[in-house]
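What follows is the content of upload.pdb, which has PDB, C-alpha atoms, pLDDT in the B column:
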ATOM      1  CA  MET R 122     -56.308  11.345  -6.153  1.00 44.00           C
ATOM      2  CA  LYS R 123     -54.247  10.523  -9.239  1.00 48.00           C
ATOM      3  CA  ARG R 124     -54.782  10.952 -12.954  1.00 45.00           C
ATOM      4  CA  ARG R 125     -54.420   8.063 -15.334  1.00 43.00           C
ATOM      5  CA  ASP R 126     -52.023   9.140 -18.054  1.00 44.00           C
ATOM      6  CA  ASP R 127     -53.865   7.342 -20.855  1.00 44.00           C
ATOM      7  CA  ASP R 128     -57.167   9.247 -20.574  1.00 40.00           C
ATOM      8  CA  LYS R 129     -56.565  11.964 -17.944  1.00 45.00           C
ATOM      9  CA  GLU R 130     -59.494  10.584 -15.915  1.00 50.00           C
ATOM     10  CA  LEU R 131     -59.407  11.252 -12.166  1.00 55.00           C
ATOM     11  CA  ILE R 132     -59.135   8.083 -10.090  1.00 70.00           C
ATOM     12  CA  LEU R 133     -58.868   7.284  -6.382  1.00 88.00           C
ATOM     13  CA  SER R 134     -55.487   6.539  -4.848  1.00 89.00           C
ATOM     14  CA  VAL R 135     -57.081   3.727  -2.786  1.00 96.00           C
ATOM     15  CA  ASP R 136     -59.119   0.632  -3.577  1.00 96.00           C
ATOM     16  CA  PRO R 137     -62.610   1.862  -2.558  1.00 97.00           C
ATOM     17  CA  ILE R 138     -63.878  -1.572  -1.499  1.00 97.00           C
ATOM     18  CA  ALA R 139     -60.770  -2.225   0.611  1.00 97.00           C
ATOM     19  CA  PHE R 140     -61.119   1.297   2.065  1.00 98.00           C
ATOM     20  CA  ILE R 141     -64.645   0.573   3.366  1.00 98.00           C
ATOM     21  CA  ARG R 142     -63.554  -2.872   4.647  1.00 98.00           C
ATOM     22  CA  GLU R 143     -60.686  -1.286   6.595  1.00 97.00           C
ATOM     23  CA  ILE R 144     -62.965   1.320   8.160  1.00 97.00           C
ATOM     24  CA  GLU R 145     -65.387  -1.456   9.114  1.00 97.00           C
ATOM     25  CA  LYS R 146     -62.555  -3.441  10.713  1.00 97.00           C
ATOM     26  CA  ILE R 147     -61.406  -0.410  12.748  1.00 97.00           C
ATOM     27  CA  TRP R 148     -64.957   0.364  13.926  1.00 96.00           C
ATOM     28  CA  GLN R 149     -65.630  -3.302  14.751  1.00 96.00           C
ATOM     29  CA  ALA R 150     -62.484  -3.234  16.896  1.00 96.00           C
ATOM     30  CA  ARG R 151     -63.689   0.037  18.478  1.00 95.00           C
ATOM     31  CA  ASP R 152     -60.219   1.517  17.949  1.00 96.00           C
ATOM     32  CA  GLY R 153     -60.606   5.275  18.477  1.00 96.00           C
ATOM     33  CA  ALA R 154     -56.979   6.124  17.712  1.00 96.00           C
ATOM     34  CA  ARG R 155     -56.960   4.298  14.364  1.00 97.00           C
ATOM     35  CA  ALA R 156     -60.371   5.705  13.433  1.00 97.00           C
ATOM     36  CA  ALA R 157     -59.185   9.274  14.086  1.00 96.00           C
ATOM     37  CA  ALA R 158     -55.925   8.666  12.201  1.00 97.00           C
ATOM     38  CA  GLY R 159     -57.881   8.172   8.963  1.00 96.00           C
ATOM     39  CA  TYR R 160     -58.664  11.898   8.734  1.00 97.00           C
ATOM     40  CA  THR R 161     -56.476  14.723   7.444  1.00 97.00           C
ATOM     41  CA  GLU R 162     -55.474  17.460   9.904  1.00 97.00           C
ATOM     42  CA  ASP R 163     -58.022  19.845   8.360  1.00 98.00           C
ATOM     43  CA  ALA R 164     -60.837  17.272   8.071  1.00 98.00           C
ATOM     44  CA  ILE R 165     -64.460  17.932   8.924  1.00 98.00           C
ATOM     45  CA  VAL R 166     -67.324  15.504   9.610  1.00 97.00           C
ATOM     46  CA  TYR R 167     -70.866  16.723   8.883  1.00 97.00           C
ATOM     47  CA  TYR R 168     -73.951  15.120  10.455  1.00 94.00           C
ATOM     48  CA  GLY R 169     -77.359  15.943  11.891  1.00 89.00           C
ATOM     49  CA  GLN R 170     -78.862  19.404  11.700  1.00 90.00           C
ATOM     50  CA  GLY R 171     -75.886  21.592  10.895  1.00 90.00           C
ATOM     51  CA  GLN R 172     -73.631  19.646  13.260  1.00 94.00           C
ATOM     52  CA  SER R 173     -69.979  18.915  12.587  1.00 96.00           C
ATOM     53  CA  HIS R 174     -66.715  17.729  14.097  1.00 94.00           C
ATOM     54  CA  SER R 175     -63.295  19.132  13.230  1.00 97.00           C
ATOM     55  CA  GLY R 176     -59.931  19.611  14.900  1.00 96.00           C
ATOM     56  CA  GLU R 177     -59.524  18.123  18.371  1.00 96.00           C
ATOM     57  CA  ARG R 178     -63.249  17.390  18.633  1.00 96.00           C
ATOM     58  CA  LEU R 179     -63.002  15.171  15.521  1.00 96.00           C
ATOM     59  CA  ARG R 180     -59.869  13.463  16.888  1.00 96.00           C
ATOM     60  CA  ASN R 181     -61.726  12.552  20.102  1.00 96.00           C
ATOM     61  CA  TRP R 182     -65.074  11.703  18.500  1.00 95.00           C
ATOM     62  CA  PRO R 183     -64.474   8.003  17.670  1.00 96.00           C
ATOM     63  CA  ALA R 184     -63.137   7.191  21.165  1.00 96.00           C
ATOM     64  CA  ARG R 185     -66.063   9.052  22.756  1.00 96.00           C
ATOM     65  CA  TRP R 186     -68.524   7.089  20.594  1.00 95.00           C
ATOM     66  CA  PHE R 187     -66.905   3.753  21.459  1.00 96.00           C
ATOM     67  CA  GLU R 188     -67.070   4.651  25.156  1.00 96.00           C
ATOM     68  CA  TYR R 189     -70.786   5.453  24.766  1.00 96.00           C
ATOM     69  CA  ALA R 190     -71.654   2.401  22.630  1.00 96.00           C
ATOM     70  CA  ARG R 191     -69.491  -0.138  24.480  1.00 95.00           C
ATOM     71  CA  ASP R 192     -70.941  -3.206  22.745  1.00 96.00           C
ATOM     72  CA  LEU R 193     -71.138  -1.645  19.264  1.00 96.00           C
ATOM     73  CA  SER R 194     -71.498  -4.145  16.438  1.00 96.00           C
ATOM     74  CA  ILE R 195     -71.285  -2.620  12.963  1.00 97.00           C
ATOM     75  CA  THR R 196     -71.268  -3.722   9.339  1.00 98.00           C
ATOM     76  CA  LYS R 197     -70.244  -1.304   6.594  1.00 98.00           C
ATOM     77  CA  THR R 198     -70.975  -1.853   2.904  1.00 98.00           C
ATOM     78  CA  TYR R 199     -69.315  -0.251  -0.112  1.00 98.00           C
ATOM     79  CA  ARG R 200     -71.969   1.270  -2.391  1.00 98.00           C
ATOM     80  CA  GLY R 201     -70.030   3.179  -5.049  1.00 98.00           C
ATOM     81  CA  HIS R 202     -67.470   5.832  -5.846  1.00 97.00           C
ATOM     82  CA  HIS R 203     -66.884   8.725  -8.209  1.00 95.00           C
ATOM     83  CA  GLY R 204     -63.868  10.995  -8.444  1.00 93.00           C
ATOM     84  CA  ASN R 205     -62.423  11.304  -4.942  1.00 94.00           C
ATOM     85  CA  CYS R 206     -65.679  10.274  -3.180  1.00 96.00           C
ATOM     86  CA  ILE R 207     -66.502   6.822  -1.780  1.00 98.00           C
ATOM     87  CA  ALA R 208     -70.098   6.059  -0.722  1.00 98.00           C
ATOM     88  CA  GLY R 209     -71.048   3.457   1.847  1.00 98.00           C
ATOM     89  CA  THR R 210     -73.827   2.366   4.161  1.00 98.00           C
ATOM     90  CA  TRP R 211     -73.828   0.808   7.597  1.00 97.00           C
ATOM     91  CA  GLU R 212     -76.001  -1.165   9.985  1.00 97.00           C
ATOM     92  CA  SER R 213     -75.166  -1.258  13.667  1.00 97.00           C
ATOM     93  CA  ARG R 214     -76.482  -2.142  17.093  1.00 97.00           C
ATOM     94  CA  TYR R 215     -75.462  -1.250  20.610  1.00 97.00           C
ATOM     95  CA  THR R 216     -76.914  -1.006  24.095  1.00 97.00           C
ATOM     96  CA  HIS R 217     -77.970   2.492  25.122  1.00 96.00           C
ATOM     97  CA  PRO R 218     -75.897   3.251  28.260  1.00 95.00           C
ATOM     98  CA  GLU R 219     -78.749   5.018  30.110  1.00 95.00           C
ATOM     99  CA  THR R 220     -81.831   2.976  29.146  1.00 94.00           C
ATOM    100  CA  ALA R 221     -80.161  -0.422  28.508  1.00 96.00           C
ATOM    101  CA  LYS R 222     -82.314  -0.729  25.361  1.00 95.00           C
ATOM    102  CA  LYS R 223     -80.796  -2.315  22.278  1.00 96.00           C
ATOM    103  CA  ILE R 224     -80.508   0.390  19.624  1.00 96.00           C
ATOM    104  CA  LEU R 225     -80.478  -0.398  15.895  1.00 95.00           C
ATOM    105  CA  GLU R 226     -79.114   2.003  13.281  1.00 95.00           C
ATOM    106  CA  ARG R 227     -78.914   2.304   9.541  1.00 95.00           C
ATOM    107  CA  GLY R 228     -76.845   4.976   7.901  1.00 96.00           C
ATOM    108  CA  ALA R 229     -75.182   6.255   4.750  1.00 98.00           C
ATOM    109  CA  GLU R 230     -71.954   8.177   4.377  1.00 98.00           C
ATOM    110  CA  LEU R 231     -69.785   9.923   1.823  1.00 98.00           C
ATOM    111  CA  PHE R 232     -66.004  10.025   2.247  1.00 98.00           C
ATOM    112  CA  TYR R 233     -64.051  12.622   0.254  1.00 97.00           C
ATOM    113  CA  LEU R 234     -60.393  11.645   0.091  1.00 96.00           C
ATOM    114  CA  ARG R 235     -57.133  13.488  -0.297  1.00 94.00           C
ATOM    115  CA  GLY R 236     -54.596  10.748  -0.892  1.00 93.00           C
ATOM    116  CA  GLU R 237     -55.467   7.913   1.505  1.00 94.00           C
ATOM    117  CA  LYS R 238     -57.134  10.093   4.159  1.00 96.00           C
ATOM    118  CA  VAL R 239     -60.594  11.601   4.529  1.00 97.00           C
ATOM    119  CA  TYR R 240     -60.817  15.396   4.462  1.00 97.00           C
ATOM    120  CA  GLU R 241     -64.628  15.628   4.334  1.00 97.00           C
ATOM    121  CA  HIS R 242     -67.131  13.087   5.694  1.00 98.00           C
ATOM    122  CA  HIS R 243     -70.936  13.345   5.492  1.00 98.00           C
ATOM    123  CA  MET R 244     -73.168  11.013   7.542  1.00 97.00           C
ATOM    124  CA  TRP R 245     -76.907  10.391   7.683  1.00 96.00           C
ATOM    125  CA  GLN R 246     -78.447   7.826  10.010  1.00 93.00           C
ATOM    126  CA  HIS R 247     -81.626   6.667  11.637  1.00 91.00           C
ATOM    127  CA  SER R 248     -81.729   4.985  15.070  1.00 91.00           C
ATOM    128  CA  TRP R 249     -84.542   3.182  16.885  1.00 92.00           C
ATOM    129  CA  PRO R 250     -84.948   0.889  19.883  1.00 93.00           C
ATOM    130  CA  GLU R 251     -84.952  -2.752  18.763  1.00 92.00           C
ATOM    131  CA  ASP R 252     -88.370  -3.507  20.251  1.00 86.00           C
ATOM    132  CA  GLU R 253     -90.054  -0.329  19.002  1.00 83.00           C
ATOM    133  CA  VAL R 254     -90.123  -0.695  15.227  1.00 68.00           C
ATOM    134  CA  PRO R 255     -92.627   1.894  13.967  1.00 69.00           C
ATOM    135  CA  GLU R 256     -95.561   1.050  11.735  1.00 72.00           C
ATOM    136  CA  ASP R 257     -94.650   1.594   8.082  1.00 72.00           C
ATOM    137  CA  ALA R 258     -96.622   4.609   6.885  1.00 65.00           C
ATOM    138  CA  GLY R 259     -94.784   4.823   3.576  1.00 66.00           C
ATOM    139  CA  PHE R 260     -92.544   7.656   4.742  1.00 64.00           C
ATOM    140  CA  SER R 261     -90.526   8.618   7.812  1.00 64.00           C
ATOM    141  CA  THR R 262     -90.943  11.744   9.897  1.00 60.00           C
ATOM    142  CA  ASP R 263     -88.349  10.746  12.529  1.00 59.00           C
TER     143      ASP R 263
END
Could the structure of this file be written out as structure tokens, please?
Amino acid sequence: MKRRDDDKELILSVDPIAFIREIEKIWQARDGARAAAGYTEDAIVYYGQGQSHSGERLRNWPARWFEYARDLSITKTYRGHHGNCIAGTWESRYTHPETAKKILERGAELFYLRGEKVYEHHMWQHSWPEDEVPEDAGFSTD
């Protein structure tokens, strides 16, 4: 992150829209090495109920996911940024390797950057089988 000299306001060192587009391109290509290279050495990814990836586990996570979701199709959308944080959402689909069901996902994520790399990443997502869309009860308990 850099400071603008004229008003001392903190700004990102990357174009946030281009940043999300590049991540989308890497994930669409299912390129585990390039996905892992976007994180700092001390990065951590938070997801689920107290779950996280860091170190070697984080470095292997994208390749493991691409192996699991072999036909992954994903679209990422820039939603906003503030300070060193970029917010985005995604929609994806893939075939579950054990059930062969098409799985749909929607998610949101926050990327905290140090320079051009992510040092902290938070993800929230919801997945469901394509043919099992639940009745809308006005709230979700899943």
Determine, for each residue of region 172-258 of chain R having at least one atom at most 6 Å from an atom of region 139-152 of chain R, the closest pair of atoms and their separation in Å to one decimal, counting all atoms listed in the file; order by chain and ascending number, as JSON lines.
{"residue": "R:Phe187", "atom": "CA", "partner": "R:Arg151", "partner_atom": "CA", "distance": 5.7}
{"residue": "R:Ile195", "atom": "CA", "partner": "R:Gln149", "partner_atom": "CA", "distance": 6.0}
{"residue": "R:Lys197", "atom": "CA", "partner": "R:Glu145", "partner_atom": "CA", "distance": 5.5}
{"residue": "R:Tyr199", "atom": "CA", "partner": "R:Ile141", "partner_atom": "CA", "distance": 5.9}
(request) Skip region 177-184 of chain R itself and residues of its chain fewer than 6 positions away, then list as a ChimeraX atom specification all residues within 12 Å of it, counting all atoms listed in the file. (result) /R:144,147-167,190-191,193,239-242
Keeping C-alpha atoms, export the residues of the selection given above as a compact mmCIF listing (two decimals), keeping the file's coordinate frame.
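Now in result_6.txt:
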# COMPACT_ATOMS: atom_id res chain seq x y z
CA ILE R 144 -62.96 1.32 8.16
CA ILE R 147 -61.41 -0.41 12.75
CA TRP R 148 -64.96 0.36 13.93
CA GLN R 149 -65.63 -3.30 14.75
CA ALA R 150 -62.48 -3.23 16.90
CA ARG R 151 -63.69 0.04 18.48
CA ASP R 152 -60.22 1.52 17.95
CA GLY R 153 -60.61 5.28 18.48
CA ALA R 154 -56.98 6.12 17.71
CA ARG R 155 -56.96 4.30 14.36
CA ALA R 156 -60.37 5.70 13.43
CA ALA R 157 -59.18 9.27 14.09
CA ALA R 158 -55.92 8.67 12.20
CA GLY R 159 -57.88 8.17 8.96
CA TYR R 160 -58.66 11.90 8.73
CA THR R 161 -56.48 14.72 7.44
CA GLU R 162 -55.47 17.46 9.90
CA ASP R 163 -58.02 19.84 8.36
CA ALA R 164 -60.84 17.27 8.07
CA ILE R 165 -64.46 17.93 8.92
CA VAL R 166 -67.32 15.50 9.61
CA TYR R 167 -70.87 16.72 8.88
CA ALA R 190 -71.65 2.40 22.63
CA ARG R 191 -69.49 -0.14 24.48
CA LEU R 193 -71.14 -1.64 19.26
CA VAL R 239 -60.59 11.60 4.53
CA TYR R 240 -60.82 15.40 4.46
CA GLU R 241 -64.63 15.63 4.33
CA HIS R 242 -67.13 13.09 5.69
(request) Can you work out which one of R:Gly204, R:Ser248, R:Ile224, R:Tyr189 has the shortest atom-to-atom distance to Val135 (chain R), counting all atoms listed in the file? (result)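 Distance minimum relative to Val135 (chain R) lands on R:Gly204.
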(request) Mind checking which residues fall within 10 Å of Asp192 (chain R), counting all atoms listed in the file, ignoring those fewer than 6 positions away in the same chain, and posting them as number ranges by chain? (result) R: 149, 151, 214-218, 223
(request) Would you mind reading off the distance between CA of Ile207 (chain R) and CA of Leu225 (chain R), one decimal, in Å? (result)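 Interatomic distance, CA of Ile207 (chain R) to CA of Leu225 (chain R): 23.7 Å.
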(request) Any chance you could resolve the PyMOL selection byres ((chain R and resi 235) around 9) against this file and give the residues as a list in words? (result)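 When the PyMOL selection byres ((chain R and resi 235) around 9) is applied, the selected residues are Met122, Leu133, Ser134, Thr161, Asn205, Tyr233, Leu234, Gly236, Glu237, Lys238, Val239 and Tyr240 of chain R.
One finds CA of Thr210 (chain R) at 19.3 Å from CA of Gln170 (chain R).
CA of Ile138 (chain R) to CA of Gly209 (chain R) spans 9.4 Å [interatomic distance, one decimal].
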Starting from the incomplete input, reconstruct N, CA and C atoms of region 164-179 of chain R and report them as a short mmCIF file (atom, residue, chain, number, x, y, z; two decimals), in the coordinates of the input.
data_model
loop_
_atom_site.label_atom_id
_atom_site.label_comp_id
_atom_site.auth_asym_id
_atom_site.auth_seq_id
_atom_site.Cartn_x
_atom_site.Cartn_y
_atom_site.Cartn_z
N ALA R 164 -59.59 17.98 8.39
CA ALA R 164 -60.84 17.27 8.07
C ALA R 164 -62.03 17.82 8.84
N ILE R 165 -63.21 17.58 8.27
CA ILE R 165 -64.46 17.93 8.92
C ILE R 165 -65.48 16.82 8.67
N VAL R 166 -66.26 16.50 9.69
CA VAL R 166 -67.32 15.50 9.61
C VAL R 166 -68.64 16.25 9.79
N TYR R 167 -69.55 16.10 8.83
CA TYR R 167 -70.87 16.72 8.88
C TYR R 167 -71.91 15.67 9.21
N TYR R 168 -72.86 16.02 10.10
CA TYR R 168 -73.95 15.12 10.46
C TYR R 168 -75.09 15.94 11.04
N GLY R 169 -76.24 15.31 11.21
CA GLY R 169 -77.36 15.94 11.89
C GLY R 169 -77.78 17.27 11.30
N GLN R 170 -78.36 18.11 12.12
CA GLN R 170 -78.86 19.40 11.70
C GLN R 170 -77.79 20.47 11.87
N GLY R 171 -76.94 20.60 10.86
CA GLY R 171 -75.89 21.59 10.90
C GLY R 171 -74.77 21.27 11.87
N GLN R 172 -74.66 20.03 12.30
CA GLN R 172 -73.63 19.65 13.26
C GLN R 172 -72.37 19.19 12.52
N SER R 173 -71.24 19.35 13.20
CA SER R 173 -69.98 18.92 12.59
C SER R 173 -68.92 18.70 13.66
N HIS R 174 -67.91 17.94 13.28
CA HIS R 174 -66.72 17.73 14.10
C HIS R 174 -65.52 18.16 13.26
N SER R 175 -64.57 18.83 13.88
CA SER R 175 -63.30 19.13 13.23
C SER R 175 -62.25 19.29 14.33
N GLY R 176 -61.01 19.39 13.94
CA GLY R 176 -59.93 19.61 14.90
C GLY R 176 -59.90 18.56 16.00
N GLU R 177 -59.64 19.02 17.22
CA GLU R 177 -59.52 18.12 18.37
C GLU R 177 -60.83 17.37 18.64
N ARG R 178 -61.95 18.04 18.43
CA ARG R 178 -63.25 17.39 18.63
C ARG R 178 -63.41 16.18 17.70
N LEU R 179 -62.96 16.31 16.45
CA LEU R 179 -63.00 15.17 15.52
C LEU R 179 -62.05 14.08 15.99
#
